[in-house]
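Student: This structure is in structure tokens; I'll ask about it shortly.
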Amino acid sequence: MPRFSVIVPAYKVQAYLHECLESVLSQSFPDLELIAVDDCSPDACGEIIDEFAARDPRVKALHLPENRGLGRARNAGMEQARGDYLLFLDSDDTLTPDALFAISDRLKETGEPDVLLFDYARTYCSGETVRNKVARQLTEEGPAPFRLEDRPGLLRVLMVAWNKAYRRDFVEREGLTFPPGYYEDTPWTYPALMAAESLATLDRVCVHYRQRRQGNILGTTSRRHFDVFEQYDRVFAFVAERPELARWRPVLFRRMVDHFTTIFTRRDRLPRGTRAEFLRKARAHYRRYRVPGAPVPLRARLRHTLVRLGLHRTYRALQLALALRRRTRRRAAGLARSLKAALLQLHYRLQLRLPVRADRAVFAAYWGRGHGCNPGALEQALRIHAPQVRTAWIARPEYQDTVPEGTRRLTPGSAAYWTALARSKYLVNNVNFDRRLVKRPGQVFVQTQHGTPLKHMGLDLREHPAAARDMDFAELLRGVDKWDYVLSANRHTTLTWERVYPGGYTTLPYGCPRNDVFQRATSADVTRLRASLGIPPDAIAILYAPTHRDYRRTQRSPLDPERILRRLGPRFVILARAHYWHGGPLGPSDRVIDVTDHPSVESLCLASDALVTDYSSIMFDYANLDRPIVLHTEDWEAYDAARGTYFDPRSFPPGAIARSEDELIDIFATGHWRGSRSAQLRAAFRERFCPYDDGRAAERVVRRVVLGETEVLPVVPLAERHPVPSAAAAAASRPAAVPQPAGSVPVTDRR
């Protein structure tokens with residue numbers, strides 16, 4: 001019995017059918033049967049299906065004697081299905097690579113639910129791919145499986161059969177079948193979701209939904225769009241037979257009215273002269289299925305009123321009036337924004353004509369976030385070693401409280417912001433400033449970057465569009481041309497930056513300024529930081545800092561901190577820090593301390609006793625502390641495929657490697673996390689990636705760039721560096737107090 005039965009009806013799709021069937025058979029998960037149904041297609045679909053069946057025994061070819069339509073062709077396929085789960089795929093669509101593997105994993109993870117919902121993306125003949133706009137409803141956060149009443153927002157996801165996997169015995173138990181006619185998915189999908197005792201979601205694009213220029217059934221002008229009324233009759237009949245589903249009637253009613261108005265307002269669906277008739281039928285269904293007293297959302301009240309009254313011409317007139325009002329408002333708001341932007345740019349152009357101020361420096365980090373990272377360390381060093389230079393920090397309003405006293409605070413886009421960019425001699429950032437920045441003669445741009453690169457960056461992202469996020473590579477290179485200096489923490493970083501950010505800048509291999517604090521901090525600092533975070537004095541604190549997954553929309557935690565702590569016992573606590581693109585938190589509780597919004601990741605490193613991460617560059621910084629690091633690499637293949645990496649960290653790790661959550665628990669339970677083998681791996685890792693981080697990186701940059709010194713401060717060798725020990729290591733190194741026996745000590749015990 002196969003795991004999946006994939007049912008593909010085919011009718012007049014000979015140009016797309018080969019690609020569709022190939023997308024199924026080439027899946028990395030082979031335990032499937034492909035039931036291809038030739039719905040008496042007049043073209044070559046039947047021959048194509050037979051060719052696939054001849055070459056692959058997993059293909060079942062089914063030829064219908066007459067054209068039955070999409071719904072009944074699916075029913076014919078279901079009668080032949082033997083898989084644990086049913087999937088439907090339209091013959092002009094395709095499964096994405098590894099989709100079935102991901103679906104199978106999620107089904108196991110969520111306890112074999114009745115229905116699993118997954119995501120899709122629309123693909124256009126231009127090559128453009130657009131993901132489902134309501135994909136946030138498919139988040140994997142929260143308990144699973146669940147019932148529909150726990151996540152009613154799932155009813156906003158496109159009501160089609162092909163974005164779900166259905167347990168076959170559930171379908172048979174409920175007697176679910178597809179009806180004839182257009183909109184056949186409606187009386188299938190709603191009953192399936194409402195009747196399911198267990199649902200789960202997979203936040204991954206598994207289907208590419210082809211948007212054909214011509215030939216789309218629902219885009220064809222025809223009276224068959226009137227079939228939608230019978231389809232909703234079937235939905236409400238299903239609910240009427242099951243009193244326990246009565247609570248869904250108001251929701252179904254609202255969805256029905258929305259569906260009717262969508263069809264009514266699309267110019268390409270209803271034939272000329274039938275709109276009034278369609279609206280009359282819609283009015284009859286409105287009165288038949290309306291639930292008295294059920295609330296209607298404010299934004300939908302006008303639409304509901306017009307359907308209820310059947311005001312055909314009034315509906316069209318109001319629709320046009322509302323569209324005109326929206327356009328007018330948008331244009332007015334756009335005009336105001338344009339005027340403000342033009343005035344600010346005029347101000348900037350005037351400032352560019354004034355002299356550059358040699359005693360001014362402006363700093364920023366992470367697109368307007370707070371004071372920190374390498375620019376923050378350089379700003380502090382500048383105030384110490386070059387106090388004659390006045391500093392300013394660019395931060396969005398919600399982050400300005402992180403800027404230290406004595407440093408001017410600038411809001412992005414303000415007149416003061418543009419003045420600082422125009423007239424400050426020193427510009428320091430770990431990303432780029434506004435693309436409209438004009439680099440003036442006499443200005444010095446220090447690009448600090450924000451870590452040692454493991455994942456692909458810069459021009460290398462051209463091969464990884466999911467990670468590039470529509471990056472403008474020409475604009476990227478224009479930004480690189482403004483850089484004068486780029487900081488590097490090691491040889492690997494130097495070689496990578498000069499290749500993926502080609503330009504005329506000078507590389508400063510001086511170390512990472514943000515890591516200077518690791519060599520200067522004291523045990524008293526560690527104690528203070530731990531107390532401020534609420535870490536118990538005798539606890540072992542694990543800093544958990546996963547990176548961003550470009551292949552996932554929902555950035556759920558790859559690990560379950562609560563489960564880990566239950567297995568490890570009360571001595572451990574976890575400091576959970578989500579990636580800044582994630583938004584957090586990562587499941588805070590009494591022993592899981594959410595530190596996502598903590599302003600200083602360096603302080604978190606100092607407060608912890610060990611680091612658990614996956615592919616985050618924090619591993620390179622943390623190695624400077626010479627404290628244990630454990631890598632969790634369960635999804636390495638998927639991450640590497642989506643983002644691309646410069647080396648496999650499993651082949652040159654900074655410590656122990658866990659390929660699953662259970663392995664991670666064992667590593668800590670057995671003490672392997674701080675064993676001799678882990679120490680050896682960490683020493684080799686430090687030698688390769690931490691050659692310059694001796695606590696004086698920021699000072700070197702200031703002396704070279706601002707003070708013009710050519711003699712570089714010598715680097716302290718790794719063997720002579722003594723970073724502050726962790727609280728656990730310090731406690732282990734203290735001699736235990738041995739109680740003395742009462743009375744005199746026997747002579748034989750004296751040494």
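All residue names refer to the structure tokens as shown: chains lettered A, B, ... in order, residues numbered from 1 in each chain, ligands numbered from 1 in order.
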Please provide the set of residues having any atom within 12 Å of Gly69 of chain A, restricted to only C-alpha atoms, with same-chain residues fewer than 3 positions apart removed, written as an mmCIF file with N, CA, C and O atoms, in the first residue's frame.

Tutor:
```
data_model
loop_
_atom_site.group_PDB
_atom_site.id
_atom_site.type_symbol
_atom_site.label_atom_id
_atom_site.label_comp_id
_atom_site.auth_asym_id
_atom_site.auth_seq_id
_atom_site.Cartn_x
_atom_site.Cartn_y
_atom_site.Cartn_z
ATOM 1 N N PRO A 9 -6.441 14.375 -13.073
ATOM 2 C CA PRO A 9 -7.345 14.310 -14.224
ATOM 3 C C PRO A 9 -6.765 15.157 -15.366
ATOM 4 O O PRO A 9 -6.142 16.197 -15.129
ATOM 5 N N ALA A 10 -6.981 14.713 -16.604
ATOM 6 C CA ALA A 10 -6.408 15.427 -17.742
ATOM 7 C C ALA A 10 -7.457 15.619 -18.829
ATOM 8 O O ALA A 10 -8.127 14.666 -19.237
ATOM 9 N N TYR A 11 -7.559 16.872 -19.302
ATOM 10 C CA TYR A 11 -8.470 17.174 -20.405
ATOM 11 C C TYR A 11 -7.948 18.416 -21.129
ATOM 12 O O TYR A 11 -7.846 19.500 -20.537
ATOM 13 N N LYS A 12 -7.565 18.241 -22.379
ATOM 14 C CA LYS A 12 -7.059 19.336 -23.214
ATOM 15 C C LYS A 12 -5.887 20.083 -22.571
ATOM 16 O O LYS A 12 -5.852 21.310 -22.545
ATOM 17 N N VAL A 37 -5.900 10.283 -15.003
ATOM 18 C CA VAL A 37 -7.232 10.016 -15.547
ATOM 19 C C VAL A 37 -7.407 10.808 -16.841
ATOM 20 O O VAL A 37 -7.444 12.041 -16.835
ATOM 21 N N ASP A 38 -7.501 10.078 -17.941
ATOM 22 C CA ASP A 38 -7.799 10.698 -19.234
ATOM 23 C C ASP A 38 -9.311 10.877 -19.327
ATOM 24 O O ASP A 38 -10.063 9.914 -19.518
ATOM 25 N N ASP A 39 -9.761 12.131 -19.202
ATOM 26 C CA ASP A 39 -11.201 12.419 -19.192
ATOM 27 C C ASP A 39 -11.710 12.543 -20.629
ATOM 28 O O ASP A 39 -12.287 13.556 -21.012
ATOM 29 N N CYS A 40 -11.440 11.477 -21.410
ATOM 30 C CA CYS A 40 -11.834 11.441 -22.819
ATOM 31 C C CYS A 40 -11.364 12.703 -23.544
ATOM 32 O O CYS A 40 -12.129 13.364 -24.266
ATOM 33 N N SER A 41 -10.102 13.022 -23.331
ATOM 34 C CA SER A 41 -9.546 14.245 -23.905
ATOM 35 C C SER A 41 -9.338 14.078 -25.405
ATOM 36 O O SER A 41 -8.812 13.055 -25.866
ATOM 37 N N LEU A 64 -11.455 7.301 -19.374
ATOM 38 C CA LEU A 64 -12.909 7.357 -19.232
ATOM 39 C C LEU A 64 -13.562 7.299 -20.615
ATOM 40 O O LEU A 64 -13.073 7.913 -21.577
ATOM 41 N N GLU A 66 -16.247 8.635 -21.695
ATOM 42 C CA GLU A 66 -16.849 9.896 -22.107
ATOM 43 C C GLU A 66 -16.368 10.996 -21.168
ATOM 44 O O GLU A 66 -15.917 10.727 -20.054
ATOM 45 N N ARG A 72 -15.949 14.541 -11.534
ATOM 46 C CA ARG A 72 -16.206 13.106 -11.683
ATOM 47 C C ARG A 72 -14.951 12.357 -12.129
ATOM 48 O O ARG A 72 -14.793 11.165 -11.829
ATOM 49 N N ALA A 73 -14.048 13.026 -12.828
ATOM 50 C CA ALA A 73 -12.770 12.388 -13.169
ATOM 51 C C ALA A 73 -11.958 12.137 -11.902
ATOM 52 O O ALA A 73 -11.302 11.095 -11.759
ATOM 53 N N ARG A 74 -12.007 13.075 -10.979
ATOM 54 C CA ARG A 74 -11.337 12.853 -9.691
ATOM 55 C C ARG A 74 -11.977 11.684 -8.946
ATOM 56 O O ARG A 74 -11.281 10.869 -8.336
ATOM 57 N N ASN A 75 -13.302 11.606 -8.978
ATOM 58 C CA ASN A 75 -13.982 10.487 -8.308
ATOM 59 C C ASN A 75 -13.528 9.149 -8.888
ATOM 60 O O ASN A 75 -13.309 8.174 -8.157
ATOM 61 N N ALA A 76 -13.383 9.102 -10.210
ATOM 62 C CA ALA A 76 -12.929 7.863 -10.842
ATOM 63 C C ALA A 76 -11.529 7.503 -10.376
ATOM 64 O O ALA A 76 -11.214 6.323 -10.150
ATOM 65 N N PHE A 178 -16.741 14.425 -5.333
ATOM 66 C CA PHE A 178 -16.830 15.680 -6.072
ATOM 67 C C PHE A 178 -18.110 15.689 -6.903
ATOM 68 O O PHE A 178 -18.443 14.698 -7.568
ATOM 69 N N PRO A 179 -18.831 16.805 -6.910
ATOM 70 C CA PRO A 179 -20.043 16.910 -7.729
ATOM 71 C C PRO A 179 -19.677 17.338 -9.149
ATOM 72 O O PRO A 179 -18.549 17.750 -9.419
ATOM 73 N N PRO A 180 -20.621 17.279 -10.073
ATOM 74 C CA PRO A 180 -20.373 17.802 -11.415
ATOM 75 C C PRO A 180 -20.434 19.322 -11.416
ATOM 76 O O PRO A 180 -20.890 19.947 -10.463
ATOM 77 N N GLY A 181 -20.000 19.916 -12.527
ATOM 78 C CA GLY A 181 -20.141 21.352 -12.700
ATOM 79 C C GLY A 181 -18.916 22.150 -12.297
ATOM 80 O O GLY A 181 -17.944 21.621 -11.763
ATOM 81 N N TYR A 182 -18.996 23.478 -12.573
ATOM 82 C CA TYR A 182 -17.951 24.408 -12.149
ATOM 83 C C TYR A 182 -17.969 24.521 -10.623
ATOM 84 O O TYR A 182 -18.957 24.226 -9.972
ATOM 85 N N TYR A 183 -16.835 24.986 -10.080
ATOM 86 C CA TYR A 183 -16.691 25.216 -8.631
ATOM 87 C C TYR A 183 -16.931 23.936 -7.830
ATOM 88 O O TYR A 183 -17.476 23.956 -6.727
ATOM 89 N N GLU A 184 -16.501 22.810 -8.404
ATOM 90 C CA GLU A 184 -16.692 21.511 -7.754
ATOM 91 C C GLU A 184 -15.860 21.383 -6.476
ATOM 92 O O GLU A 184 -16.158 20.532 -5.629
ATOM 93 N N ILE A 217 -10.524 27.408 -17.050
ATOM 94 C CA ILE A 217 -11.978 27.193 -17.055
ATOM 95 C C ILE A 217 -12.707 28.330 -16.352
ATOM 96 O O ILE A 217 -13.690 28.886 -16.870
#
```

Student: Using DSSP secondary structure from the backbone, list all alpha helix (DSSP H) positions within segment 34-203 of chain A, as a PDB file with N, CA and C atoms, in the first residue's frame.

Tutor:
```
ATOM      1  N   CYS A  45      -3.516  13.762 -24.618  1.00  0.00           N
ATOM      2  CA  CYS A  45      -3.369  13.474 -23.182  1.00  0.00           C
ATOM      3  C   CYS A  45      -3.351  11.972 -22.907  1.00  0.00           C
ATOM      4  N   GLY A  46      -4.268  11.219 -23.528  1.00  0.00           N
ATOM      5  CA  GLY A  46      -4.331   9.779 -23.293  1.00  0.00           C
ATOM      6  C   GLY A  46      -3.045   9.083 -23.687  1.00  0.00           C
ATOM      7  N   GLU A  47      -2.457   9.474 -24.827  1.00  0.00           N
ATOM      8  CA  GLU A  47      -1.206   8.865 -25.266  1.00  0.00           C
ATOM      9  C   GLU A  47      -0.067   9.180 -24.307  1.00  0.00           C
ATOM     10  N   ILE A  48      -0.018  10.418 -23.848  1.00  0.00           N
ATOM     11  CA  ILE A  48       1.037  10.813 -22.905  1.00  0.00           C
ATOM     12  C   ILE A  48       0.926   9.996 -21.623  1.00  0.00           C
ATOM     13  N   ILE A  49      -0.299   9.825 -21.132  1.00  0.00           N
ATOM     14  CA  ILE A  49      -0.508   9.041 -19.910  1.00  0.00           C
ATOM     15  C   ILE A  49      -0.046   7.603 -20.124  1.00  0.00           C
ATOM     16  N   ASP A  50      -0.370   7.017 -21.263  1.00  0.00           N
ATOM     17  CA  ASP A  50       0.044   5.639 -21.548  1.00  0.00           C
ATOM     18  C   ASP A  50       1.563   5.513 -21.621  1.00  0.00           C
ATOM     19  N   GLU A  51       2.220   6.523 -22.159  1.00  0.00           N
ATOM     20  CA  GLU A  51       3.683   6.493 -22.232  1.00  0.00           C
ATOM     21  C   GLU A  51       4.291   6.476 -20.829  1.00  0.00           C
ATOM     22  N   PHE A  52       3.755   7.288 -19.935  1.00  0.00           N
ATOM     23  CA  PHE A  52       4.261   7.309 -18.566  1.00  0.00           C
ATOM     24  C   PHE A  52       3.971   5.988 -17.868  1.00  0.00           C
ATOM     25  N   ALA A  53       2.800   5.421 -18.099  1.00  0.00           N
ATOM     26  CA  ALA A  53       2.444   4.151 -17.457  1.00  0.00           C
ATOM     27  C   ALA A  53       3.349   3.025 -17.941  1.00  0.00           C
ATOM     28  N   ALA A  54       3.779   3.078 -19.196  1.00  0.00           N
ATOM     29  CA  ALA A  54       4.638   2.026 -19.738  1.00  0.00           C
ATOM     30  C   ALA A  54       6.038   2.063 -19.146  1.00  0.00           C
ATOM     31  N   ARG A  55       6.473   3.223 -18.760  1.00  0.00           N
ATOM     32  CA  ARG A  55       7.853   3.343 -18.274  1.00  0.00           C
ATOM     33  C   ARG A  55       7.971   3.303 -16.753  1.00  0.00           C
ATOM     34  N   LEU A  70     -14.164  17.650 -14.428  1.00  0.00           N
ATOM     35  CA  LEU A  70     -13.077  17.529 -13.464  1.00  0.00           C
ATOM     36  C   LEU A  70     -13.478  16.765 -12.210  1.00  0.00           C
ATOM     37  N   GLY A  71     -14.642  17.109 -11.634  1.00  0.00           N
ATOM     38  CA  GLY A  71     -15.047  16.479 -10.380  1.00  0.00           C
ATOM     39  C   GLY A  71     -15.219  14.975 -10.507  1.00  0.00           C
ATOM     40  N   ARG A  72     -15.949  14.541 -11.534  1.00  0.00           N
ATOM     41  CA  ARG A  72     -16.206  13.106 -11.683  1.00  0.00           C
ATOM     42  C   ARG A  72     -14.951  12.357 -12.129  1.00  0.00           C
ATOM     43  N   ALA A  73     -14.048  13.026 -12.828  1.00  0.00           N
ATOM     44  CA  ALA A  73     -12.770  12.388 -13.169  1.00  0.00           C
ATOM     45  C   ALA A  73     -11.958  12.137 -11.902  1.00  0.00           C
ATOM     46  N   ARG A  74     -12.007  13.075 -10.979  1.00  0.00           N
ATOM     47  CA  ARG A  74     -11.337  12.853  -9.691  1.00  0.00           C
ATOM     48  C   ARG A  74     -11.977  11.684  -8.946  1.00  0.00           C
ATOM     49  N   ASN A  75     -13.302  11.606  -8.978  1.00  0.00           N
ATOM     50  CA  ASN A  75     -13.982  10.487  -8.308  1.00  0.00           C
ATOM     51  C   ASN A  75     -13.528   9.149  -8.888  1.00  0.00           C
ATOM     52  N   ALA A  76     -13.383   9.102 -10.210  1.00  0.00           N
ATOM     53  CA  ALA A  76     -12.929   7.863 -10.842  1.00  0.00           C
ATOM     54  C   ALA A  76     -11.529   7.503 -10.376  1.00  0.00           C
ATOM     55  N   GLY A  77     -10.692   8.506 -10.213  1.00  0.00           N
ATOM     56  CA  GLY A  77      -9.352   8.250  -9.706  1.00  0.00           C
ATOM     57  C   GLY A  77      -9.370   7.764  -8.274  1.00  0.00           C
ATOM     58  N   MET A  78     -10.264   8.336  -7.454  1.00  0.00           N
ATOM     59  CA  MET A  78     -10.348   7.911  -6.053  1.00  0.00           C
ATOM     60  C   MET A  78     -10.760   6.451  -5.931  1.00  0.00           C
ATOM     61  N   GLU A  79     -11.598   5.992  -6.827  1.00  0.00           N
ATOM     62  CA  GLU A  79     -12.040   4.593  -6.764  1.00  0.00           C
ATOM     63  C   GLU A  79     -10.877   3.629  -6.954  1.00  0.00           C
ATOM     64  N   GLN A  80      -9.821   4.074  -7.630  1.00  0.00           N
ATOM     65  CA  GLN A  80      -8.655   3.228  -7.872  1.00  0.00           C
ATOM     66  C   GLN A  80      -7.567   3.419  -6.818  1.00  0.00           C
ATOM     67  N   ALA A  99       8.394  18.048  -2.349  1.00  0.00           N
ATOM     68  CA  ALA A  99       7.123  18.381  -1.701  1.00  0.00           C
ATOM     69  C   ALA A  99       6.564  17.190  -0.934  1.00  0.00           C
ATOM     70  N   LEU A 100       6.549  16.014  -1.539  1.00  0.00           N
ATOM     71  CA  LEU A 100       5.974  14.843  -0.873  1.00  0.00           C
ATOM     72  C   LEU A 100       6.799  14.440   0.346  1.00  0.00           C
ATOM     73  N   PHE A 101       8.103  14.635   0.266  1.00  0.00           N
ATOM     74  CA  PHE A 101       8.949  14.337   1.425  1.00  0.00           C
ATOM     75  C   PHE A 101       8.562  15.237   2.595  1.00  0.00           C
ATOM     76  N   ALA A 102       8.386  16.532   2.313  1.00  0.00           N
ATOM     77  CA  ALA A 102       8.004  17.479   3.363  1.00  0.00           C
ATOM     78  C   ALA A 102       6.610  17.172   3.897  1.00  0.00           C
ATOM     79  N   ILE A 103       5.690  16.815   3.012  1.00  0.00           N
ATOM     80  CA  ILE A 103       4.326  16.483   3.442  1.00  0.00           C
ATOM     81  C   ILE A 103       4.351  15.246   4.334  1.00  0.00           C
ATOM     82  N   SER A 104       5.102  14.226   3.944  1.00  0.00           N
ATOM     83  CA  SER A 104       5.182  12.998   4.746  1.00  0.00           C
ATOM     84  C   SER A 104       5.754  13.277   6.125  1.00  0.00           C
ATOM     85  N   ASP A 105       6.818  14.064   6.172  1.00  0.00           N
ATOM     86  CA  ASP A 105       7.426  14.401   7.468  1.00  0.00           C
ATOM     87  C   ASP A 105       6.429  15.134   8.365  1.00  0.00           C
ATOM     88  N   ARG A 106       5.702  16.087   7.777  1.00  0.00           N
ATOM     89  CA  ARG A 106       4.750  16.860   8.580  1.00  0.00           C
ATOM     90  C   ARG A 106       3.591  15.986   9.053  1.00  0.00           C
ATOM     91  N   LEU A 107       3.159  15.045   8.231  1.00  0.00           N
ATOM     92  CA  LEU A 107       2.092  14.139   8.651  1.00  0.00           C
ATOM     93  C   LEU A 107       2.532  13.304   9.851  1.00  0.00           C
ATOM     94  N   LYS A 108       3.749  12.804   9.809  1.00  0.00           N
ATOM     95  CA  LYS A 108       4.263  12.028  10.943  1.00  0.00           C
ATOM     96  C   LYS A 108       4.395  12.903  12.181  1.00  0.00           C
ATOM     97  N   GLU A 109       4.903  14.097  11.966  1.00  0.00           N
ATOM     98  CA  GLU A 109       5.152  15.012  13.079  1.00  0.00           C
ATOM     99  C   GLU A 109       3.871  15.408  13.792  1.00  0.00           C
ATOM    100  N   ARG A 168      -7.159   8.782   3.395  1.00  0.00           N
ATOM    101  CA  ARG A 168      -8.147   8.089   2.558  1.00  0.00           C
ATOM    102  C   ARG A 168      -9.288   7.493   3.375  1.00  0.00           C
ATOM    103  N   ASP A 169      -8.970   6.906   4.526  1.00  0.00           N
ATOM    104  CA  ASP A 169     -10.065   6.312   5.302  1.00  0.00           C
ATOM    105  C   ASP A 169     -10.992   7.385   5.864  1.00  0.00           C
ATOM    106  N   PHE A 170     -10.489   8.602   6.085  1.00  0.00           N
ATOM    107  CA  PHE A 170     -11.348   9.715   6.494  1.00  0.00           C
ATOM    108  C   PHE A 170     -12.304  10.084   5.361  1.00  0.00           C
ATOM    109  N   VAL A 171     -11.793  10.170   4.134  1.00  0.00           N
ATOM    110  CA  VAL A 171     -12.625  10.504   2.979  1.00  0.00           C
ATOM    111  C   VAL A 171     -13.714   9.452   2.784  1.00  0.00           C
ATOM    112  N   GLU A 172     -13.335   8.202   2.925  1.00  0.00           N
ATOM    113  CA  GLU A 172     -14.319   7.129   2.754  1.00  0.00           C
ATOM    114  C   GLU A 172     -15.346   7.137   3.876  1.00  0.00           C
ATOM    115  N   ARG A 173     -14.900   7.399   5.083  1.00  0.00           N
ATOM    116  CA  ARG A 173     -15.824   7.420   6.223  1.00  0.00           C
ATOM    117  C   ARG A 173     -16.865   8.524   6.078  1.00  0.00           C
ATOM    118  N   GLU A 174     -16.433   9.687   5.596  1.00  0.00           N
ATOM    119  CA  GLU A 174     -17.352  10.817   5.451  1.00  0.00           C
ATOM    120  C   GLU A 174     -18.116  10.780   4.138  1.00  0.00           C
ATOM    121  N   THR A 186     -15.778  23.527  -4.091  1.00  0.00           N
ATOM    122  CA  THR A 186     -16.483  24.149  -2.953  1.00  0.00           C
ATOM    123  C   THR A 186     -17.193  23.117  -2.079  1.00  0.00           C
ATOM    124  N   PRO A 187     -18.057  22.232  -2.625  1.00  0.00           N
ATOM    125  CA  PRO A 187     -18.734  21.253  -1.759  1.00  0.00           C
ATOM    126  C   PRO A 187     -17.850  20.063  -1.386  1.00  0.00           C
ATOM    127  N   TRP A 188     -16.594  20.112  -1.768  1.00  0.00           N
ATOM    128  CA  TRP A 188     -15.638  19.103  -1.292  1.00  0.00           C
ATOM    129  C   TRP A 188     -14.817  19.662  -0.134  1.00  0.00           C
ATOM    130  N   THR A 189     -14.261  20.857  -0.321  1.00  0.00           N
ATOM    131  CA  THR A 189     -13.288  21.389   0.637  1.00  0.00           C
ATOM    132  C   THR A 189     -13.934  21.832   1.934  1.00  0.00           C
ATOM    133  N   TYR A 190     -15.037  22.568   1.858  1.00  0.00           N
ATOM    134  CA  TYR A 190     -15.684  22.999   3.096  1.00  0.00           C
ATOM    135  C   TYR A 190     -16.099  21.798   3.957  1.00  0.00           C
ATOM    136  N   PRO A 191     -16.801  20.804   3.410  1.00  0.00           N
ATOM    137  CA  PRO A 191     -17.142  19.639   4.239  1.00  0.00           C
ATOM    138  C   PRO A 191     -15.918  18.918   4.785  1.00  0.00           C
ATOM    139  N   ALA A 192     -14.864  18.809   3.992  1.00  0.00           N
ATOM    140  CA  ALA A 192     -13.666  18.118   4.474  1.00  0.00           C
ATOM    141  C   ALA A 192     -13.075  18.820   5.687  1.00  0.00           C
ATOM    142  N   LEU A 193     -12.971  20.136   5.636  1.00  0.00           N
ATOM    143  CA  LEU A 193     -12.386  20.875   6.757  1.00  0.00           C
ATOM    144  C   LEU A 193     -13.295  20.846   7.979  1.00  0.00           C
ATOM    145  N   MET A 194     -14.591  20.982   7.771  1.00  0.00           N
ATOM    146  CA  MET A 194     -15.513  21.006   8.906  1.00  0.00           C
ATOM    147  C   MET A 194     -15.639  19.642   9.568  1.00  0.00           C
ATOM    148  N   ALA A 195     -15.603  18.572   8.774  1.00  0.00           N
ATOM    149  CA  ALA A 195     -15.807  17.232   9.330  1.00  0.00           C
ATOM    150  C   ALA A 195     -14.536  16.639   9.917  1.00  0.00           C
TER     151      ALA A 195
END
```

Student: Find, counting only C-alpha atoms, the residue in A:Pro546, A:Pro513, A:Pro654, A:Gly153 that gets nearest to Arg682 of chain A.

Tutor: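 Closest to Arg682 of chain A, using only C-alpha atoms: A:Pro654.
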
Student: With distances taken over only C-alpha atoms, which residue among A:Arg688, A:Arg530, A:Arg659, A:Arg234 lies nearest Ser608 of chain A?

Tutor: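 The shortest atom-to-atom distance to Ser608 of chain A comes from A:Arg530.
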
Student: Between A:His548, A:Arg469, A:Lys482, A:Arg528, which one has atoms that come closest to Leu427 of chain A, using only C-alpha atoms?

Tutor: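 Under the stated criterion, the closest residue is A:Lys482.
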
Student: Go through A:Leu378, A:Ala545, A:Ala121, A:Ala415 one by one, measure the shortest atom-to-atom distance of each to Leu346 of chain A using only C-alpha atoms, and give the residue with the smallest value.

Tutor: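 Result for the nearest residue to Leu346 of chain A: A:Ala415.
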
Student: What's the 10 Å shell around segment 493-505 of chain A, counting only C-alpha atoms, without same-chain residues fewer than 3 positions away, as an NGL selection string?

Tutor: :A and (445-447 or 449 or 451-454 or 456-461 or 476-490 or 508-509 or 646 or 689)

Student: List as a compact mmCIF listing (two decimals) with N, CA and C atoms, in the first residue's frame the protein and nucleic acid residues near Pro271 of chain A, meaning an atom at most 12 Å away when only C-alpha atoms are counted, but skip any in the same chain fewer than 3 places from it.

Tutor:
```
# COMPACT_ATOMS: atom_id res chain seq x y z
N GLY A 219 -11.86 31.26 -15.97
CA GLY A 219 -11.72 32.54 -16.65
C GLY A 219 -12.47 32.58 -17.97
N THR A 220 -13.30 31.58 -18.21
CA THR A 220 -14.06 31.49 -19.46
C THR A 220 -15.46 32.07 -19.27
N THR A 221 -15.88 32.89 -20.19
CA THR A 221 -17.22 33.47 -20.12
C THR A 221 -18.25 32.38 -20.45
N SER A 222 -19.14 32.10 -19.50
CA SER A 222 -20.09 31.01 -19.69
C SER A 222 -21.19 31.07 -18.64
N ARG A 223 -22.37 30.54 -19.02
CA ARG A 223 -23.45 30.42 -18.05
C ARG A 223 -23.13 29.37 -17.00
N ARG A 224 -22.11 28.55 -17.21
CA ARG A 224 -21.80 27.52 -16.24
C ARG A 224 -21.31 28.10 -14.92
N HIS A 225 -21.01 29.39 -14.90
CA HIS A 225 -20.68 30.01 -13.61
C HIS A 225 -21.89 30.04 -12.68
N PHE A 226 -23.08 29.86 -13.25
CA PHE A 226 -24.28 29.75 -12.41
C PHE A 226 -24.25 28.46 -11.59
N ILE A 263 -17.62 36.57 -8.42
CA ILE A 263 -18.03 36.15 -9.77
C ILE A 263 -18.75 37.29 -10.48
N PHE A 264 -19.62 37.97 -9.76
CA PHE A 264 -20.43 39.04 -10.35
C PHE A 264 -19.57 40.19 -10.87
N ARG A 266 -16.32 40.10 -11.77
CA ARG A 266 -15.32 39.75 -12.78
C ARG A 266 -15.94 39.89 -14.17
N ARG A 267 -15.34 40.69 -14.99
CA ARG A 267 -15.90 40.99 -16.31
C ARG A 267 -15.84 39.80 -17.27
N ASP A 268 -14.93 38.85 -16.99
CA ASP A 268 -14.71 37.77 -17.95
C ASP A 268 -15.51 36.51 -17.65
N THR A 274 -26.63 38.64 -18.48
CA THR A 274 -26.98 37.66 -17.44
C THR A 274 -26.69 38.16 -16.03
N ARG A 275 -26.12 39.35 -15.90
CA ARG A 275 -25.74 39.83 -14.57
C ARG A 275 -26.95 40.04 -13.66
N ALA A 276 -28.00 40.61 -14.19
CA ALA A 276 -29.20 40.83 -13.37
C ALA A 276 -29.77 39.49 -12.90
N GLU A 277 -29.78 38.51 -13.81
CA GLU A 277 -30.27 37.18 -13.44
C GLU A 277 -29.39 36.56 -12.36
N PHE A 278 -28.08 36.71 -12.51
CA PHE A 278 -27.17 36.15 -11.51
C PHE A 278 -27.41 36.79 -10.15
```
